[in-house]
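Trainee: See query21.pdb below, with PDB, C-alpha atoms, pLDDT in the B column.
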```
MODEL        1
ATOM      1  CA  MET I   1       0.000   0.000   0.000  1.00 48.00           C
ATOM      2  CA  PRO I   2       1.519   3.369  -0.953  1.00 56.00           C
ATOM      3  CA  ASN I   3       2.198   5.993   1.674  1.00 62.00           C
ATOM      4  CA  THR I   4      -0.833   8.255   1.728  1.00 61.00           C
ATOM      5  CA  PRO I   5      -0.806  11.277   4.012  1.00 58.00           C
ATOM      6  CA  ASP I   6      -3.068  11.200   7.021  1.00 61.00           C
ATOM      7  CA  PRO I   7      -5.834  13.790   6.541  1.00 59.00           C
ATOM      8  CA  ALA I   8      -5.055  15.175   9.991  1.00 67.00           C
ATOM      9  CA  GLU I   9      -1.419  15.963   9.125  1.00 74.00           C
ATOM     10  CA  PRO I  10      -0.518  19.649   8.852  1.00 73.00           C
ATOM     11  CA  ARG I  11       0.817  19.257   5.313  1.00 73.00           C
ATOM     12  CA  THR I  12      -2.722  18.509   4.098  1.00 79.00           C
ATOM     13  CA  ARG I  13      -4.087  21.750   5.539  1.00 83.00           C
ATOM     14  CA  PRO I  14      -3.882  24.674   3.098  1.00 87.00           C
ATOM     15  CA  TRP I  15      -3.899  27.346   5.795  1.00 91.00           C
ATOM     16  CA  VAL I  16      -0.577  26.041   7.171  1.00 90.00           C
ATOM     17  CA  TRP I  17       1.047  26.489   3.749  1.00 92.00           C
ATOM     18  CA  ALA I  18      -0.535  29.919   3.352  1.00 95.00           C
ATOM     19  CA  VAL I  19       0.939  31.109   6.655  1.00 95.00           C
ATOM     20  CA  TYR I  20       4.374  29.800   5.661  1.00 94.00           C
ATOM     21  CA  VAL I  21       4.207  31.586   2.292  1.00 94.00           C
ATOM     22  CA  VAL I  22       3.262  34.876   3.970  1.00 94.00           C
ATOM     23  CA  LEU I  23       5.975  34.570   6.631  1.00 94.00           C
ATOM     24  CA  PHE I  24       8.683  33.697   4.124  1.00 92.00           C
ATOM     25  CA  ALA I  25       7.556  36.562   1.869  1.00 91.00           C
ATOM     26  CA  LEU I  26       7.883  38.931   4.827  1.00 90.00           C
ATOM     27  CA  SER I  27      11.360  37.608   5.591  1.00 90.00           C
ATOM     28  CA  VAL I  28      12.719  39.054   2.329  1.00 90.00           C
ATOM     29  CA  PRO I  29      12.513  42.856   2.411  1.00 85.00           C
ATOM     30  CA  TRP I  30      11.418  43.211  -1.227  1.00 83.00           C
ATOM     31  CA  TYR I  31       8.446  45.286  -0.101  1.00 81.00           C
ATOM     32  CA  LEU I  32      10.631  48.125   1.239  1.00 81.00           C
ATOM     33  CA  PRO I  33      11.297  51.061  -1.080  1.00 83.00           C
ATOM     34  CA  ALA I  34      14.662  50.915  -2.836  1.00 83.00           C
ATOM     35  CA  GLY I  35      17.009  53.726  -1.982  1.00 83.00           C
ATOM     36  CA  GLY I  36      14.987  54.811   1.012  1.00 81.00           C
ATOM     37  CA  PRO I  37      16.585  56.045   4.202  1.00 85.00           C
ATOM     38  CA  VAL I  38      18.069  53.341   6.382  1.00 84.00           C
ATOM     39  CA  ARG I  39      16.721  53.573   9.911  1.00 88.00           C
ATOM     40  CA  LEU I  40      18.492  51.863  12.779  1.00 92.00           C
ATOM     41  CA  TRP I  41      16.493  49.667  15.143  1.00 89.00           C
ATOM     42  CA  LEU I  42      18.407  48.089  18.019  1.00 89.00           C
ATOM     43  CA  GLY I  43      21.621  49.158  16.292  1.00 92.00           C
ATOM     44  CA  LEU I  44      20.777  47.264  13.077  1.00 93.00           C
ATOM     45  CA  PRO I  45      19.255  48.437   9.810  1.00 90.00           C
ATOM     46  CA  HIS I  46      15.476  48.181   9.997  1.00 89.00           C
ATOM     47  CA  TRP I  47      15.307  45.605   7.194  1.00 89.00           C
ATOM     48  CA  VAL I  48      17.566  43.254   9.183  1.00 91.00           C
ATOM     49  CA  VAL I  49      15.298  43.497  12.224  1.00 92.00           C
ATOM     50  CA  LEU I  50      12.225  42.859  10.048  1.00 91.00           C
ATOM     51  CA  SER I  51      13.847  39.803   8.442  1.00 93.00           C
ATOM     52  CA  LEU I  52      14.954  38.372  11.771  1.00 94.00           C
ATOM     53  CA  ALA I  53      11.472  38.926  13.224  1.00 95.00           C
ATOM     54  CA  ALA I  54       9.936  37.078  10.269  1.00 95.00           C
ATOM     55  CA  TYR I  55      12.373  34.183  10.703  1.00 95.00           C
ATOM     56  CA  LEU I  56      11.527  34.039  14.393  1.00 97.00           C
ATOM     57  CA  ALA I  57       7.824  33.984  13.465  1.00 97.00           C
ATOM     58  CA  VAL I  58       8.481  31.041  11.096  1.00 96.00           C
ATOM     59  CA  ALA I  59      10.203  29.156  13.915  1.00 97.00           C
ATOM     60  CA  VAL I  60       7.437  29.895  16.433  1.00 97.00           C
ATOM     61  CA  PHE I  61       4.742  28.925  13.917  1.00 96.00           C
ATOM     62  CA  THR I  62       6.559  25.664  13.169  1.00 94.00           C
ATOM     63  CA  VAL I  63       6.657  24.840  16.879  1.00 94.00           C
ATOM     64  CA  TYR I  64       2.929  25.654  17.127  1.00 93.00           C
ATOM     65  CA  VAL I  65       2.030  23.427  14.167  1.00 91.00           C
ATOM     66  CA  VAL I  66       4.088  20.506  15.432  1.00 89.00           C
ATOM     67  CA  ALA I  67       2.809  20.827  19.006  1.00 89.00           C
ATOM     68  CA  ARG I  68      -0.891  21.387  18.218  1.00 87.00           C
ATOM     69  CA  HIS I  69      -1.607  19.858  14.832  1.00 81.00           C
ATOM     70  CA  TRP I  70       0.812  16.977  14.380  1.00 79.00           C
ATOM     71  CA  SER I  71      -0.831  13.694  15.310  1.00 72.00           C
ATOM     72  CA  ALA I  72       1.820  11.129  14.491  1.00 63.00           C
ATOM     73  CA  ALA I  73       1.164   7.828  16.241  1.00 61.00           C
ATOM     74  CA  PRO I  74       3.994   5.301  16.494  1.00 58.00           C
ATOM     75  CA  ASP I  75       3.855   2.574  13.852  1.00 58.00           C
ATOM     76  CA  ALA I  76       2.905  -0.882  15.097  1.00 56.00           C
ATOM     77  CA  GLY I  77       5.875  -2.406  13.253  1.00 57.00           C
ATOM     78  CA  GLU I  78       8.497  -0.281  14.981  1.00 56.00           C
ATOM     79  CA  PRO I  79       9.722  -1.089  18.494  1.00 58.00           C
ATOM     80  CA  ASP I  80       9.580   1.644  21.121  1.00 61.00           C
ATOM     81  CA  ASP I  81      13.255   1.193  21.957  1.00 59.00           C
ATOM     82  CA  PRO I  82      15.451   2.006  18.939  1.00 63.00           C
ATOM     83  CA  GLU I  83      18.362   0.059  20.431  1.00 67.00           C
ATOM     84  CA  GLY I  84      16.357  -3.136  20.684  1.00 59.00           C
ATOM     85  CA  PRO I  85      16.160  -5.583  23.566  1.00 60.00           C
ATOM     86  CA  PRO I  86      19.066  -5.717  26.022  1.00 59.00           C
TER      87      PRO I  86
ENDMDL
END
```
For the file at hand, write its structure as structure tokens.
Mentor:
Amino acid sequence: MPNTPDPAEPRTRPWVWAVYVVLFALSVPWYLPAGGPVRLWLGLPHWVVLSLAAYLAVAVFTVYVVARHWSAAPDAGEPDDPEGPP
């Protein structure tokens, strides 16, 4: 039987992909005007702070999806102890 994704997995939910697309789009400062004044936030150019904040949001969202929406049950064919019996 081929591997078919479980309907409850996050990868089958379109909203998860939509959030990732938005967050990754925000992580690249293409939306800022070219040649505009560079403002410093926390001693860094503002575009660096915006990119780092977007990357942090991607990481936090990934943790949220794995913790709340990932329902992976252990396979019956795999032992609980990866090292095997003593």
Trainee: Please, what distance in Å, to one decimal, runs between atom CA of Leu52 of chain I and atom CA of Leu23 of chain I?
Mentor: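 Taking atom CA of Leu52 of chain I as the start and atom CA of Leu23 of chain I as the end point, the length is 11.0 Å.
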Trainee: What is the atom CA of Leu50 of chain I-atom CA of Val28 of chain I distance in Å, reported with one decimal?
Mentor: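 Going from atom CA of Leu50 of chain I over to atom CA of Val28 of chain I, I get 8.6 Å.
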Trainee: Might you spell out which residues the PyMOL selection byres ((chain I and resi 61) around 12) would select in the displayed file, as a VMD selection string?
Mentor: chain I and resid 10 15 to 24 54 to 60 62 to 69
Trainee: Rounded to one decimal, what separation in Å do you get between atom CA of Ala53 of chain I and atom CA of Thr12 of chain I?
Mentor: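 Answer for the atom CA of Ala53 of chain I to atom CA of Thr12 of chain I separation: 26.5 Å.
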Trainee: Give me, as number ranges by chain, all polymer residues having an atom no more than 8 Å from Ser51 of chain I, counting all atoms listed in the file and skipping those fewer than 5 positions away in the same chain.
Mentor: I: 26-29
Trainee: Taking all atoms of segment 23-36 of chain I that appear in the file, build a box with edges along x, y and z, extend it by 3 Å on every side, and state its centre and edge lengths in Å to one decimal, as lines of an AutoDock Vina configuration file.
Mentor:
```
center_x = 11.5
center_y = 44.3
center_z = 1.9
size_x = 17.0
size_y = 27.1
size_z = 15.5
```
